[in-house]
Each structure stands twice: as structure tokens, then as C-alpha cells.
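Chemist: Contents of run30.tsv (TSV, C-alpha atoms):
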chain	number	residue	atom	x	y	z
A	20	MET	CA	8.60	20.42	18.74
A	21	THR	CA	6.19	17.58	19.55
A	22	ASP	CA	7.29	14.46	21.41
A	23	ARG	CA	7.03	12.41	18.22
A	24	PHE	CA	8.28	12.79	14.71
A	25	ARG	CA	5.69	13.35	12.06
A	26	VAL	CA	6.49	10.92	9.26
A	27	ASP	CA	5.47	11.37	5.65
A	28	THR	CA	5.57	9.37	2.46
A	29	ALA	CA	5.33	10.15	-1.24
A	30	LEU	CA	3.26	9.27	-4.24
A	31	PRO	CA	5.23	7.14	-6.72
A	32	ILE	CA	7.34	9.26	-9.04
A	33	ARG	CA	6.51	7.08	-12.03
A	34	GLY	CA	3.07	5.53	-12.37
A	35	GLY	CA	0.70	4.38	-9.69
A	36	GLU	CA	-2.92	5.28	-9.11
A	37	PRO	CA	-2.91	8.36	-6.85
A	38	ALA	CA	-6.27	7.62	-5.23
A	39	ASP	CA	-5.20	4.10	-4.23
A	40	GLU	CA	-1.74	5.25	-3.12
A	41	ALA	CA	-3.19	8.03	-0.99
A	42	ARG	CA	-5.70	5.70	0.67
A	43	ARG	CA	-2.91	3.22	1.46
A	44	ALA	CA	-0.75	5.97	2.95
A	45	GLU	CA	-3.63	7.18	5.12
A	46	ALA	CA	-4.43	3.66	6.30
A	47	ALA	CA	-0.75	3.11	7.17
A	48	GLY	CA	-0.83	6.11	9.48
A	49	TYR	CA	1.41	8.55	7.62
A	50	ASP	CA	0.95	12.20	8.50
A	51	ARG	CA	1.38	13.70	5.03
A	52	ILE	CA	1.77	12.56	1.45
A	53	TRP	CA	3.99	14.49	-0.94
A	54	SER	CA	3.83	14.64	-4.71
A	55	SER	CA	6.82	15.79	-6.72
A	56	GLU	CA	6.98	17.44	-10.13
A	57	ILE	CA	8.97	14.84	-12.01
A	58	GLY	CA	6.91	12.52	-14.20
A	59	HIS	CA	3.53	14.04	-13.40
A	60	ASP	CA	1.91	17.32	-12.42
A	61	PRO	CA	1.83	17.27	-8.60
A	62	PHE	CA	-1.33	19.35	-8.30
A	63	VAL	CA	-3.36	16.93	-10.42
A	64	GLN	CA	-2.01	13.94	-8.49
A	65	LEU	CA	-2.87	15.51	-5.15
A	66	ALA	CA	-6.34	16.58	-6.26
A	67	VAL	CA	-7.15	12.91	-6.89
A	68	GLY	CA	-5.43	11.82	-3.67
A	69	ALA	CA	-7.16	14.45	-1.54
A	70	ALA	CA	-10.59	13.48	-2.84
A	71	ALA	CA	-9.92	9.86	-1.89
A	72	THR	CA	-8.88	10.56	1.72
A	73	SER	CA	-10.13	12.39	4.80
A	74	ARG	CA	-7.27	12.73	7.30
A	75	ILE	CA	-3.83	12.66	5.73
A	76	GLU	CA	-2.25	15.98	4.76
A	77	VAL	CA	-1.25	16.50	1.13
A	78	ALA	CA	1.65	18.59	-0.17
A	79	THR	CA	3.62	19.37	-3.30
A	80	GLY	CA	7.20	18.37	-2.72
A	81	ILE	CA	8.09	20.16	-4.78
A	82	ALA	CA	6.19	22.10	-7.42
A	83	VAL	CA	8.54	24.08	-9.65
A	84	ALA	CA	7.71	27.67	-8.79
A	85	PHE	CA	9.33	29.30	-11.78
A	86	ALA	CA	7.46	27.05	-14.22
A	87	ARG	CA	4.33	29.04	-13.30
A	88	ASN	CA	3.53	32.61	-12.38
A	89	PRO	CA	2.25	33.39	-8.86
A	90	MET	CA	-1.36	33.82	-10.03
A	91	ASN	CA	-1.39	30.31	-11.56
A	92	THR	CA	0.02	28.85	-8.39
A	93	ALA	CA	-2.30	30.86	-6.13
A	94	HIS	CA	-5.35	29.37	-7.87
A	95	LEU	CA	-3.95	25.84	-7.83
A	96	ALA	CA	-3.13	26.04	-4.13
A	97	HIS	CA	-6.50	27.59	-3.28
A	98	ASP	CA	-8.33	24.84	-5.17
A	99	LEU	CA	-6.35	22.11	-3.43
A	100	GLN	CA	-6.98	23.67	-0.03
A	101	THR	CA	-10.68	23.57	-0.92
A	102	LEU	CA	-10.64	19.98	-2.22
A	103	SER	CA	-8.62	18.72	0.75
A	104	ARG	CA	-10.73	20.63	3.27
A	105	GLY	CA	-7.73	22.43	4.72
A	106	ARG	CA	-5.12	19.66	4.48
A	107	PHE	CA	-2.89	21.15	1.75
A	108	THR	CA	0.65	22.50	2.02
A	109	LEU	CA	2.33	24.22	-0.92
A	110	GLY	CA	5.93	23.10	-1.31
A	111	LEU	CA	7.88	25.22	-3.79
A	112	GLY	CA	11.34	24.85	-5.29
A	113	THR	CA	13.30	26.63	-7.97
A	114	GLN	CA	14.72	23.71	-9.97
A	115	VAL	CA	17.98	24.60	-11.73
A	116	LYS	CA	18.54	27.10	-14.52
A	117	ALA	CA	18.79	24.60	-17.38
A	118	HIS	CA	15.41	23.06	-16.59
A	119	VAL	CA	13.65	26.37	-16.03
A	120	THR	CA	14.98	27.97	-19.22
A	121	ARG	CA	15.26	24.97	-21.55
A	122	ARG	CA	12.56	22.57	-20.34
A	123	PHE	CA	9.92	25.07	-19.19
A	124	SER	CA	11.03	28.00	-21.39
A	125	MET	CA	10.67	30.41	-18.49
A	126	PRO	CA	12.92	33.24	-17.26
A	127	TRP	CA	15.72	32.69	-14.75
A	128	SER	CA	17.59	35.27	-12.71
A	129	ARG	CA	18.63	35.71	-9.08
A	130	PRO	CA	16.67	32.65	-7.88
A	131	ALA	CA	16.67	33.49	-4.16
A	132	ALA	CA	15.40	37.03	-4.70
A	133	ARG	CA	12.86	35.75	-7.23
A	134	MET	CA	11.59	33.09	-4.83
A	135	ARG	CA	11.21	35.64	-2.06
A	136	GLU	CA	9.10	37.86	-4.29
A	137	TYR	CA	7.15	34.88	-5.61
A	138	VAL	CA	5.98	33.88	-2.13
A	139	LEU	CA	5.16	37.48	-1.21
A	140	ALA	CA	3.10	37.76	-4.41
A	141	LEU	CA	1.19	34.59	-3.50
A	142	ARG	CA	0.38	35.99	-0.09
A	143	ALA	CA	-0.75	39.30	-1.60
A	144	ILE	CA	-3.09	37.49	-4.01
A	145	TRP	CA	-4.59	35.30	-1.28
A	146	ASP	CA	-4.99	38.30	0.99
A	147	SER	CA	-6.83	40.19	-1.74
A	148	TRP	CA	-9.22	37.29	-2.23
A	149	GLU	CA	-9.95	37.01	1.48
A	150	THR	CA	-10.25	40.70	2.36
A	151	GLY	CA	-11.65	42.11	-0.86
A	152	GLU	CA	-8.99	44.79	-0.87
A	153	ARG	CA	-7.47	45.93	-4.13
A	154	LEU	CA	-4.69	43.70	-5.45
A	155	LYS	CA	-1.60	45.83	-5.77
A	156	PHE	CA	1.60	43.84	-5.90
A	157	GLU	CA	4.41	45.46	-7.84
A	158	GLY	CA	7.81	43.81	-7.62
A	159	GLU	CA	10.99	43.45	-9.58
A	160	PHE	CA	10.00	40.11	-11.12
A	161	TYR	CA	6.20	39.93	-10.77
A	162	THR	CA	3.39	42.45	-11.00
A	163	HIS	CA	-0.21	41.65	-10.09
A	164	THR	CA	-2.54	44.65	-10.09
A	165	LEU	CA	-5.79	43.39	-11.64
A	166	MET	CA	-8.38	41.28	-9.82
A	167	THR	CA	-12.02	41.76	-10.69
A	168	PRO	CA	-14.78	39.99	-8.70
A	169	MET	CA	-15.47	37.52	-11.50
A	170	PHE	CA	-12.06	35.92	-11.01
A	171	VAL	CA	-12.05	35.75	-7.20
A	172	PRO	CA	-12.63	32.15	-6.03
A	173	GLN	CA	-15.11	31.44	-3.28
A	174	SER	CA	-13.50	31.31	0.16
A	175	HIS	CA	-12.57	27.76	1.17
A	176	GLY	CA	-13.11	28.57	4.85
A	177	HIS	CA	-9.72	27.25	5.93
A	178	ARG	CA	-6.40	28.87	6.69
A	179	THR	CA	-4.21	30.11	3.87
A	180	PRO	CA	-2.18	27.15	2.56
A	181	PRO	CA	1.16	26.98	4.35
A	182	VAL	CA	4.14	27.56	2.03
A	183	VAL	CA	7.33	25.58	2.53
A	184	VAL	CA	10.36	26.48	0.45
A	185	ALA	CA	12.91	23.91	-0.67
A	186	ALA	CA	16.49	24.98	-0.14
A	187	VAL	CA	20.06	23.73	-0.42
A	188	GLY	CA	22.19	26.87	-0.33
A	189	ASP	CA	22.41	29.32	2.54
A	190	ARG	CA	20.74	32.20	0.69
A	191	MET	CA	17.63	30.18	-0.20
A	192	ALA	CA	17.45	28.82	3.35
A	193	GLU	CA	17.46	32.39	4.61
A	194	ILE	CA	14.61	33.27	2.23
A	195	ALA	CA	12.66	30.22	3.44
A	196	GLY	CA	13.08	31.47	7.00
A	197	GLU	CA	11.90	34.93	6.10
A	198	VAL	CA	8.82	34.34	3.93
A	199	GLY	CA	7.98	30.64	4.37
A	200	ASP	CA	5.98	28.63	6.85
A	201	GLY	CA	8.71	26.04	6.66
A	202	MET	CA	11.69	24.71	4.76
A	203	LEU	CA	11.90	21.46	2.86
A	204	CYS	CA	15.42	20.07	3.09
A	205	HIS	CA	16.88	18.60	-0.07
A	206	SER	CA	17.89	14.96	0.21
A	207	PHE	CA	21.44	15.95	-0.76
A	208	LEU	CA	22.17	17.14	2.75
A	209	THR	CA	24.26	16.06	5.71
A	210	GLU	CA	23.75	16.52	9.42
A	211	ALA	CA	26.84	18.76	9.59
A	212	TYR	CA	25.72	21.00	6.75
A	213	LEU	CA	22.19	21.31	8.15
A	214	ARG	CA	23.46	22.08	11.65
A	215	GLU	CA	26.39	24.35	10.75
A	216	ALA	CA	25.20	26.16	7.61
A	217	THR	CA	21.48	25.76	6.94
A	218	LEU	CA	20.02	26.37	10.40
A	219	PRO	CA	22.02	29.59	10.98
A	220	ALA	CA	20.82	30.83	7.58
A	221	ILE	CA	17.20	30.01	8.46
A	222	ALA	CA	17.64	31.90	11.73
A	223	LEU	CA	18.73	35.02	9.83
A	224	GLY	CA	15.51	34.93	7.84
A	225	ARG	CA	13.35	34.12	10.84
A	226	ALA	CA	14.68	37.23	12.57
A	227	ARG	CA	12.97	39.29	9.82
A	228	SER	CA	9.76	37.27	9.69
A	229	ALA	CA	6.38	37.92	11.25
A	230	ILE	CA	5.36	34.26	10.78
A	231	THR	CA	5.20	32.57	14.17
A	232	GLU	CA	5.10	28.87	13.25
A	233	PHE	CA	7.83	27.27	11.16
A	234	GLU	CA	8.57	23.64	10.38
A	235	ILE	CA	11.68	21.97	9.01
A	236	VAL	CA	11.03	18.92	6.87
A	237	GLY	CA	13.90	16.47	6.60
A	238	GLY	CA	14.17	14.17	3.62
A	239	PRO	CA	17.50	12.32	3.90
A	240	PHE	CA	18.19	9.26	1.80
A	241	VAL	CA	17.35	5.86	3.28
A	242	ALA	CA	18.80	2.62	1.91
A	243	THR	CA	16.90	-0.24	3.47
A	244	GLY	CA	14.80	-3.30	2.76
A	245	SER	CA	13.40	-6.47	4.26
A	246	THR	CA	16.34	-8.67	3.21
A	247	ALA	CA	20.08	-8.29	2.80
A	248	ALA	CA	19.68	-8.47	-0.97
A	249	GLU	CA	17.09	-5.68	-0.91
A	250	ILE	CA	19.35	-3.50	1.24
A	251	ALA	CA	22.27	-4.07	-1.14
A	252	ALA	CA	20.14	-3.11	-4.16
A	253	ALA	CA	18.80	-0.07	-2.32
A	254	THR	CA	22.33	1.01	-1.43
A	255	ASP	CA	23.37	0.84	-5.08
A	256	ALA	CA	20.37	2.95	-6.10
A	257	VAL	CA	21.04	5.56	-3.41
A	258	ARG	CA	24.74	5.65	-4.30
A	259	SER	CA	23.85	6.44	-7.91
A	260	GLN	CA	21.40	9.16	-6.89
A	261	ILE	CA	23.89	10.80	-4.54
A	262	ALA	CA	26.56	10.72	-7.26
A	263	PHE	CA	24.13	12.43	-9.65
A	264	TYR	CA	23.42	15.23	-7.19
A	265	ALA	CA	27.09	15.54	-6.28
A	266	SER	CA	27.88	16.14	-9.96
A	267	THR	CA	25.53	19.16	-10.08
A	268	PRO	CA	27.33	22.50	-9.54
A	269	ALA	CA	24.31	24.01	-7.76
A	270	TYR	CA	24.78	21.53	-4.90
A	271	ARG	CA	28.55	21.95	-4.64
A	272	PRO	CA	28.48	23.96	-1.36
A	273	VAL	CA	27.42	20.84	0.55
A	274	LEU	CA	30.43	18.93	-0.75
A	275	GLU	CA	32.77	21.84	-0.15
A	276	HIS	CA	31.59	22.09	3.44
A	277	HIS	CA	33.08	18.61	3.93
A	278	GLY	CA	36.18	19.20	1.81
A	279	TRP	CA	34.86	17.11	-1.10
A	280	GLY	CA	34.74	19.85	-3.73
A	281	GLU	CA	37.32	18.16	-5.96
A	282	LEU	CA	35.17	15.02	-6.09
A	283	GLY	CA	32.26	17.15	-7.25
A	284	GLU	CA	34.37	18.47	-10.12
A	285	ARG	CA	35.34	14.94	-11.16
A	286	LEU	CA	31.75	13.72	-11.02
A	287	HIS	CA	30.62	16.71	-13.07
A	288	ARG	CA	33.12	15.83	-15.80
A	289	LEU	CA	31.87	12.23	-15.82
A	290	SER	CA	28.25	13.40	-16.01
A	291	ARG	CA	28.99	15.51	-19.06
A	292	GLY	CA	30.19	12.34	-20.76
A	293	GLY	CA	27.14	10.39	-19.61
A	294	ASP	CA	29.24	7.86	-17.70
A	295	TRP	CA	26.70	7.18	-14.96
A	296	ALA	CA	28.21	3.87	-13.86
A	297	ALA	CA	31.62	5.46	-13.35
A	298	MET	CA	30.01	8.24	-11.31
A	299	ALA	CA	28.49	5.76	-8.86
A	300	ALA	CA	31.74	3.81	-8.64
A	301	ALA	CA	33.64	7.02	-7.87
A	302	LEU	CA	31.50	7.80	-4.82
A	303	PRO	CA	33.39	6.67	-1.69
A	304	ASP	CA	31.63	4.75	1.06
A	305	GLU	CA	32.43	7.53	3.52
A	306	LEU	CA	30.41	9.99	1.49
A	307	LEU	CA	27.57	7.52	0.92
A	308	HIS	CA	27.12	6.98	4.64
A	309	GLU	CA	27.36	10.71	5.37
A	310	PHE	CA	24.35	11.38	3.14
A	311	ALA	CA	22.29	8.22	3.66
A	312	ALA	CA	21.00	6.04	6.48
A	313	VAL	CA	21.87	2.48	5.45
A	314	GLY	CA	20.71	-0.72	7.14
A	315	GLU	CA	17.67	-2.68	8.22
A	316	PRO	CA	14.54	-0.55	8.69
A	317	GLU	CA	14.93	-0.07	12.45
A	318	GLU	CA	18.67	0.54	12.13
A	319	ALA	CA	18.15	3.15	9.40
A	320	ALA	CA	15.42	4.87	11.43
A	321	ASP	CA	17.65	5.01	14.51
A	322	LEU	CA	20.43	6.58	12.43
A	323	LEU	CA	18.03	9.26	11.18
A	324	ALA	CA	16.80	10.00	14.69
A	325	ARG	CA	20.32	10.29	16.09
A	326	ARG	CA	21.48	12.59	13.30
A	327	TYR	CA	18.44	14.80	12.90
A	328	GLY	CA	16.38	14.32	16.06
A	329	ASP	CA	16.96	17.85	17.35
A	330	LEU	CA	17.02	19.48	13.90
A	331	VAL	CA	13.81	18.62	12.04
A	332	ASP	CA	10.10	18.47	12.83
A	333	ARG	CA	9.12	15.76	10.39
A	334	PHE	CA	10.63	13.24	8.00
A	335	ALA	CA	9.73	12.49	4.41
A	336	ILE	CA	11.17	9.04	3.73
A	337	VAL	CA	13.18	9.34	0.49
A	338	THR	CA	13.92	6.13	-1.42
A	339	PRO	CA	14.95	6.43	-5.10
A	340	TYR	CA	14.00	2.76	-5.56
A	341	ASP	CA	10.94	0.60	-4.91
A	342	LEU	CA	10.64	-0.08	-1.18
A	343	GLY	CA	8.02	-2.52	0.01
A	344	ASP	CA	5.26	-1.31	2.29
A	345	ASP	CA	6.39	-3.53	5.16
A	346	ALA	CA	9.92	-2.09	5.30
A	347	ARG	CA	8.73	1.48	4.75
A	348	ILE	CA	6.18	1.21	7.56
A	349	ARG	CA	8.82	-0.29	9.87
A	350	VAL	CA	11.00	2.80	9.28
A	351	ALA	CA	8.05	5.12	9.92
A	352	GLN	CA	6.96	3.36	13.11
A	353	ARG	CA	10.47	3.34	14.52
A	354	LEU	CA	10.90	7.05	13.74
A	355	ARG	CA	7.64	7.97	15.46
A	356	SER	CA	8.82	6.38	18.68
A	357	ALA	CA	12.39	7.68	18.41
A	358	ARG	CA	12.06	11.41	19.17
A	359	LYS	CA	12.05	11.26	22.97
A	360	THR	CA	15.12	9.00	22.93
A	361	ALA	CA	16.92	11.18	20.39
A	362	LEU	CA	16.29	14.40	22.30
A	363	SER	CA	17.37	12.92	25.62
A	364	GLU	CA	20.78	11.72	24.38
Let me see whether you can do it: turn the structure in this file into C-alpha cells.
Modeler:
Amino acid sequence: MTDRFRVDTALPIRGGEPADEARRAEAAGYDRIWSSEIGHDPFVQLAVGAAATSRIEVATGIAVAFARNPMNTAHLAHDLQTLSRGRFTLGLGTQVKAHVTRRFSMPWSRPAARMREYVLALRAIWDSWETGERLKFEGEFYTHTLMTPMFVPQSHGHRTPPVVVAAVGDRMAEIAGEVGDGMLCHSFLTEAYLREATLPAIALGRARSAITEFEIVGGPFVATGSTAAEIAAATDAVRSQIAFYASTPAYRPVLEHHGWGELGERLHRLSRGGDWAAMAAALPDELLHEFAAVGEPEEAADLLARRYGDLVDRFAIVTPYDLGDDARIRVAQRLRSARKTALSE
């Protein structure tokens, strides 16, 4: 670990001009900018952002792996590594079954095993391009055995794009440790779950990995603002987002780790009826504060550092609401200076 946290930000989920947003993030001193696959294609957004900047790293956070095959993703990542001049990181996640099968109309089965093979296929494709050796990847889910010279992109002259895998459950965290260059923590995560469940699972995977460098990216919720009214509104927005995630069966292990499994069942029933307001109201303050850092920017940053200071290498500031640049930069600046204090306590 370095003696400072690396602190990242994100392109707006809805709207915004990616070139302008990326330039602002770079000028503000952020280390990396993430683009998520929600309202826009993250690769397109980052291509524009990378062309408009020179220092800041760019990353998908996340791109839905199973919405594409490994060859598609290999080309996209290679092109972005070229356009960014070596500043790109490929962040991959599975999404959940309903979105993969019903929104993307793609196959779903054994997501952890499929993700493992997906990343290995990517590495085989990139290796074939760099070495000129025959492409021969034959797996259970993906087969890539044809690569003629016409379709090999020109070498970008940089390292292979690092691959970070998003994970919530223990099995996916183990896969991230085995085949990834890092793991992107879901925002629906607590210090206790990360420390007691996720990190041991990562360690199991790392024991099988030949990759020497590995980073853990924390993205816990932050509810903050420049005024009391802004903090109150941010808290309401974060409460609603946490309730939504808590209603999703795929994330139930985090709740069960804290003995809140029954609440997850109740929230799931409310979600099926579309009663979003009741879901937020049902979320107790205790749970809200377990998942989110709430308070003025410096207070929220100090909470993050105390909870995660010895667990993560960098923070992506997650705010499911509009947070002004001043407050966001105050959080980032406080976090950067907080690591030495956090590690010494």
C-alpha cells in the first residue's frame, strides 16, 4: 500500500458531456475516472474522456461482461488502452440473471465459473495478439480458436489492460483474487463483511494466482453535502439505494452476515409490489449507517478512512445523487491525507 489513498470519481450516470467531465476530474486531481454501464455504453464514454485528458486513469466500473463475448471485450479494451496511452483499466461485472437474460438476451449459468473463464479468454486473446502465437482457447463457456493476421490490432505499446472484477459474494471474490488484477467492491458492502468474508475469499484465489500486483477498490456509499439540507437530501437518496440493493436476493449474504436476512425478505416483497417509498422507510438507521458514511465532507471521509483504511487501496466516491464539486473535492482531499492516520490507529 502507498502512504495515501488513491481517490477516484465517476462520469455522470445520466447525461453530461464526457470530455468536459473528464477534464474537470483531471483538473481536480482525481486519480481515475470510472464509467458505468447504466444509461450509456461505458467504452464510448471513456473513449471521449480519454481523448480529452492526458494524466487521469480511465476505467469501466463496471462493463457487463456477459453482455458481450470475450473477443468483443478484448478489442474494446485494446482500443481504449491505445486511445488512453496506457491509462485504461477494464472493470467487469456479471450483472444479475434477469438483466443478462431478459435485457441483453444473453446466456446465464454458473456466473463465477463463467467469469473466471471469461477473464482467462481475454488474456489468451491479448497474448495471441502480442506474441503472434496461435489462438487456442477452448473452455466450457467460450471457445476462441481463429485469429488471422487481418484481425490482429496493432500493438499499443503499453501493458495489457489490468482487469478488475466486481464481486459481492465469496465465490466471485475468490475468482477475482485468482484471475484478476484487482477487485471492485460493490457499494452494498460493510466493513465487517469485507474484513470477515470478502478478504479471506480473495486470499484463497490469490493463493492460486501468478499475478503479483492486486488492488482492492472500495466504493462505499457517502451521504454528504455542503449544507445540512444537502446532507439530509443525500441521506434520503442513499437510504433508498441501499433499500433497493437490500431487496435483491443476489446481495442477501451481506445482510445475513449481520443477521438482517429477514429484513431482506420483507424488502424483496415490497419491491415486487413496486412500493419504493415503503422500502426506504423500512430501512433502519442502524443499517443505513453500517453501509454509508454520513455527515459533512470531512466527517464522511474520516469515517471511510477509519473503516476501510487498512482494507482498500483506493476509493471510488459513490453518491447516488448530485453532489457539488466543492463537497466532492473536500471528501477526496480529506481521504488522500487520511491513510497514515488510519493505519497508525
Chemist: Nearest to A:His205: which of A:Ala297, A:Val337, A:Ala93, A:Ala319 is it, counting all atoms listed in the file?
Modeler: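 Looking only at the distances to A:His205, the closest residue turns out to be A:Val337.
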Chemist: Name the closest residue to A:Arg106 among the candidates A:Val138, A:Ile57, A:Gly80, A:Ile52; distances are taken between atoms, counting all atoms listed in the file.
Modeler: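 Looking only at the distances to A:Arg106, the closest residue turns out to be A:Ile52.
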Chemist: What separation in Å, quoted to one decimal, exists between atom CA of A:Thr113 and atom CA of A:Ala96?
Modeler: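 Value for the atom CA of A:Thr113-atom CA of A:Ala96 distance: 16.9 Å.
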Chemist: Every residue with an atom at most 12 Å from (15.8, 8.3, 9.3) (file coordinates; all atoms listed in the file) is what I'm after, so could you write them as JSON, numbers by chain?
Modeler: {"A": [24, 25, 26, 27, 206, 210, 236, 237, 238, 239, 240, 241, 242, 243, 310, 311, 312, 313, 314, 315, 316, 317, 318, 319, 320, 321, 322, 323, 324, 325, 326, 327, 328, 331, 333, 334, 335, 336, 337, 338, 347, 349, 350, 351, 352, 353, 354, 355, 356, 357, 358, 361]}
Chemist: Report as an NGL selection string all protein, DNA and RNA residues lying within 9 Å of A:Leu307, evaluated on only C-alpha atoms, omitting residues in the same chain fewer than 5 positions from it.
Modeler: :A and (254 or 257-258 or 261-262 or 302 or 312-313)
Chemist: Point out the residue among A:Ala117, A:Val83, A:Ala252, A:Ala47 with the least atom-to-atom distance to A:Asp345, counting only C-alpha atoms.
Modeler: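 Smallest distance to A:Asp345 is found for A:Ala47.
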Chemist: As AutoDock Vina command-line options, please: the centre and edge lengths in Å, to one decimal, of an axis-aligned box enclosing every listed atom of stretch 68-85 of chain A with 5 Å added on each side.
Modeler:
--center_x -0.6 --center_y 19.6 --center_z -2.2 --size_x 29.9 --size_y 29.4 --size_z 29.1
Chemist: If we count only C-alpha atoms and set the cut-off at 9 Å, which residues sit around A:Trp145, ignoring sequence neighbours fewer than 2 positions away in its own chain? Please answer as a ChimeraX atom specification.
Modeler: /A:93-94,97,140-143,147-150,179
Chemist: Looking at only C-alpha atoms, which of A:Thr162, A:Gln260, A:Ser55, A:Gln173 is the one that sits closest to A:Ala82?
Modeler: A:Ser55
Chemist: How close does each residue of stretch 95-141 of chain A get to stretch 267-281 of chain A, giving the shortest atom pair and distance in Å to one decimal for every residue with an atom at most 10 Å away, counting only C-alpha atoms, sorted by chain and residue number, as a tab-separated table?
Modeler:
residue	atom	partner	partner_atom	distance
A:Gln114	CA	A:Ala269	CA	9.8
A:Val115	CA	A:Ala269	CA	7.5
A:Lys116	CA	A:Ala269	CA	9.4
Chemist: In terms of the shortest atom-to-atom distance over all atoms listed in the file, which of A:Gly224, A:Gly176, A:Gly199, A:Pro89 is closest to A:Gly158?
Modeler: A:Pro89
Chemist: So that I can check the surroundings of A:Gly68, please list as number ranges by chain every protein, DNA and RNA residue that reaches within 6 Å of it, counting only C-alpha atoms and ignoring chain neighbours fewer than 2 positions away.
Modeler: A: 37-38, 41, 65-66, 70-71
Chemist: Would you mind listing what lies within 12 Å of stretch 98-104 of chain A as a PyMOL selection string, with all atoms listed in the file counted and same-chain residues fewer than 4 positions away left out?
Modeler: chain A and resi 51+61-79+91-94+108-109+145+171-182
Chemist: How many Å lie between atom CA of A:Asp60 and atom CA of A:Phe233, rounded to one decimal?
Modeler: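 One can read the atom CA of A:Asp60 to atom CA of A:Phe233 distance as 26.3 Å.
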Chemist: I'd like the contact shell of stretch 165-170 of chain A - 8 Å cut-off, only C-alpha atoms, skipping same-chain residues fewer than 3 positions apart - returned as a PyMOL selection string.
Modeler: chain A and resi 153-155
Chemist: Okay, now the selection with C-alpha atoms, as a compact mmCIF listing (two decimals), in the frame of the given file?
Modeler:
# COMPACT_ATOMS: atom_id res chain seq x y z
CA ARG A 153 -7.47 45.93 -4.13
CA LEU A 154 -4.69 43.70 -5.45
CA LYS A 155 -1.60 45.83 -5.77
Chemist: One decimal, Å: what's the distance from atom CA of A:Asn88 over to atom CA of A:Gly58, could you say?
Modeler: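 Between atom CA of A:Asn88 and atom CA of A:Gly58 the gap works out to 20.5 Å.
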Chemist: Which residue, A:Ala296, A:Ala229, A:Ala251, A:Leu218, has the smallest gap to A:Arg190 when you use only C-alpha atoms?
Modeler: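 Smallest separation from A:Arg190 among the options: A:Leu218.
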